[in-house]
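Asks: Submitted below is the structure of interest, expressed as structure tokens.
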Amino acid sequence: MRLTATFGLAGVILCALFSSGAHSQTGKCAAGPDAIGVSRVVEIDTSDGPRFGHLQFKDIDFLRDGEVVLTFDDGPLRKNTRAVLDALDAHCTKATFFTVGRMAVSDPATLHEVALRGHTIGVHTWSHKNLQAISEAQAKTEIELGLSAVRAALGAPVAPFFRFPYLASPQKVQAYLQQRGFAIFSIDVDSYDYRTPSAATMQRNVLTQLAHRKKGIILFHDIQASTAQGLKDLLTELKARGFQVVHLVAKEPATTLADYDEMAEQALSGKRVAASTEPAKRPATPQLSAAPASVSTTVSAPVNVVSPQTKPSRPRYGEEPPWQVRVFQN
Ligand SMILES: [Zn+2]
């Protein structure tokens, strides 16, 4: 079955490509009756810079009641990202991953795995900086180097889908992204998986908000243990409550800029050289020679391991607390 719907909002074209029930878009997935699957695939024409997610943007509402979009930020981080991928596979469902450039460069193999399993890969800056706290020029580098790094690590085009770290989205940077043909994604529902090591708490956060909102773009972090451990059961519960998953894909891939491609290749080749020559001692932080002095381009994973007893203070969007990239120990 092929359904097509066109919404004349800000020049955005959203095409509902098909309904596939509990089967993936490849048709190869054969999960049981509890699998949530993909109910429809929505193709987004990003050329006019559409903005989604009602926490910040009221422009467009393309979801019907009962529909959710699964999004995962901050990865890849091998152990937890692969657990997330396994949970999604168990449900024959698809998601969008907003990838951090230097995380991608640190672990291209896991990024490849995300793509191989049919998910959409978008961009979440180079090093997860708060773009409200830096200059426009630095923000541009965070965006473009992030895009080029994810593209280089993947070895294939990525979707022109962008999410701001901390959802901190200055107007001028939004305008830049829109002029570059990115869709900007905020959120409707927050799993708050970064606040807790508990899968049950993460699940309750999502279910409580969905009971009120009925639909929406859900924010998870594939680097977080609570999501890695709790996603599979959460999807089972969402299916039981009648929710359906919408998979987002881009009409056209993102276009990178040559200068940043060169920098990204240097970062990636630095990692390759390090990995091939001294696997036991390879540095986690290869440097870019052509990097602007104002922007850190080290390739260290932005992960601070803290104990589960450490209780992060309540974050507010727009701040730059360390919690967003914390991984709780189990
Ligand atoms: Zn983030």
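For the structure tokens, the naming scheme is as follows: chains receive sequential letters (A, B, ...) according to their order of presentation, residues are indexed from 1 within each chain, and ligands are indexed from 1 in presentation order.
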Could you list, as a ChimeraX atom specification, all residues that come within 10 Å of ligand 1? Count only C-alpha atoms and all ligand atoms.

Replies: /A:72-75,98-100,124-125,127-130,163-167,194,219-221,223,323-325

Asks: Neighbouring residues of Asp107 of chain A were defined as those with any atom within 12 Å, considering only C-alpha atoms; residues of the same chain fewer than 4 positions away were excluded. Please report them as a PyMOL selection string.

Replies: chain A and resi 75-79+81-82+99-103+111-114+149-150+152-154+267-268+271-272+275+284+299-301

Asks: What does the file look like for those residues with C-alpha atoms, as a CSV table (one decimal), in the first residue's frame?

Replies:
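New file out28.csv:
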```csv
chain,number,residue,atom,x,y,z
A,75,GLY,CA,26.0,8.5,20.2
A,76,PRO,CA,27.3,6.3,19.0
A,77,LEU,CA,28.6,4.6,22.2
A,78,ARG,CA,29.2,1.0,21.4
A,79,LYS,CA,27.8,-0.9,24.3
A,81,THR,CA,24.0,1.9,21.1
A,82,ARG,CA,24.2,-1.7,20.1
A,99,THR,CA,24.9,11.7,16.0
A,100,VAL,CA,27.7,13.7,17.6
A,101,GLY,CA,30.6,14.1,15.1
A,102,ARG,CA,33.5,13.3,17.3
A,103,MET,CA,31.6,10.3,18.7
A,111,LEU,CA,27.7,4.2,13.2
A,112,HIS,CA,27.9,1.8,10.2
A,113,GLU,CA,25.8,-0.7,12.2
A,114,VAL,CA,23.1,2.0,12.8
A,149,ALA,CA,32.5,14.1,10.4
A,150,VAL,CA,29.4,12.0,10.5
A,152,ALA,CA,33.1,10.8,6.7
A,153,ALA,CA,32.7,8.2,9.5
A,154,LEU,CA,29.7,6.7,7.8
A,267,ALA,CA,40.2,13.5,12.2
A,268,LEU,CA,39.2,10.2,10.8
A,271,LYS,CA,42.1,7.7,14.2
A,272,ARG,CA,42.8,5.1,11.5
A,275,ALA,CA,44.3,2.3,15.3
A,284,ALA,CA,41.6,8.7,22.2
A,299,VAL,CA,38.2,13.2,19.2
A,300,SER,CA,37.5,12.2,22.7
A,301,ALA,CA,34.2,10.7,23.6
```

Asks: Restricting the calculation to only C-alpha atoms, which member of A:Glu144, A:Glu252, A:Glu237, A:Asp222 is positioned closest to Leu70 of chain A?

Replies: A:Asp222

Asks: For Asp89 of chain A, find every residue with an atom within 10 Å (counting only C-alpha atoms), except residues of its own chain fewer than 5 positions away, and show them as a list in words.

Replies: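 Result of the neighbour search: Ser24, Cys29, Ala30, Ala31, Ala35, Gly37, Ala83, Val84, Lys94, Arg117, Gly118 and Lys232 of chain A.
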
Asks: Would you list, as a list in words, the residues of segment 163-242 of chain A that end up in strand (DSSP E or B) under DSSP run on this structure's backbone?

Replies: Ala183, Ile184, Phe185, Val189, Asp190, Gly216, Ile217, Ile218, Leu219, Phe220 and His221 of chain A

Asks: Pick out the closest residue to Gln56 of chain A from this set: A:Gln179, A:Ser135, A:Ser186, A:Thr120. Count only C-alpha atoms.

Replies: A:Ser186

Asks: So that I can check the surroundings of Lys239 of chain A, please list as a PyMOL selection string every protein, DNA and RNA residue that reaches within 9 Å of it, counting only C-alpha atoms and ignoring chain neighbours fewer than 4 positions away.

Replies: chain A and resi 34-37+234-235+243-244

Asks: Env of segment 44-55 of chain A: 10 Å cut, atoms = only C-alpha atoms, seq-sep filter 4 positions within chain, self excluded. Answer as an MDAnalysis selection string.

Replies: chainID A and resid 9:16 59:62 159:163 167 174:190 216:218 248:254

Asks: If you count only C-alpha atoms, which residues fall within 8 Å of Asp261 of chain A, apart from same-chain ones fewer than 3 positions away, as a list in words?

Replies: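 Listing them by chain and then by number gives Leu145, Ser148, Ala149, Ala152, Thr256, Leu257, Ala258, Ala264 and Glu265 of chain A.
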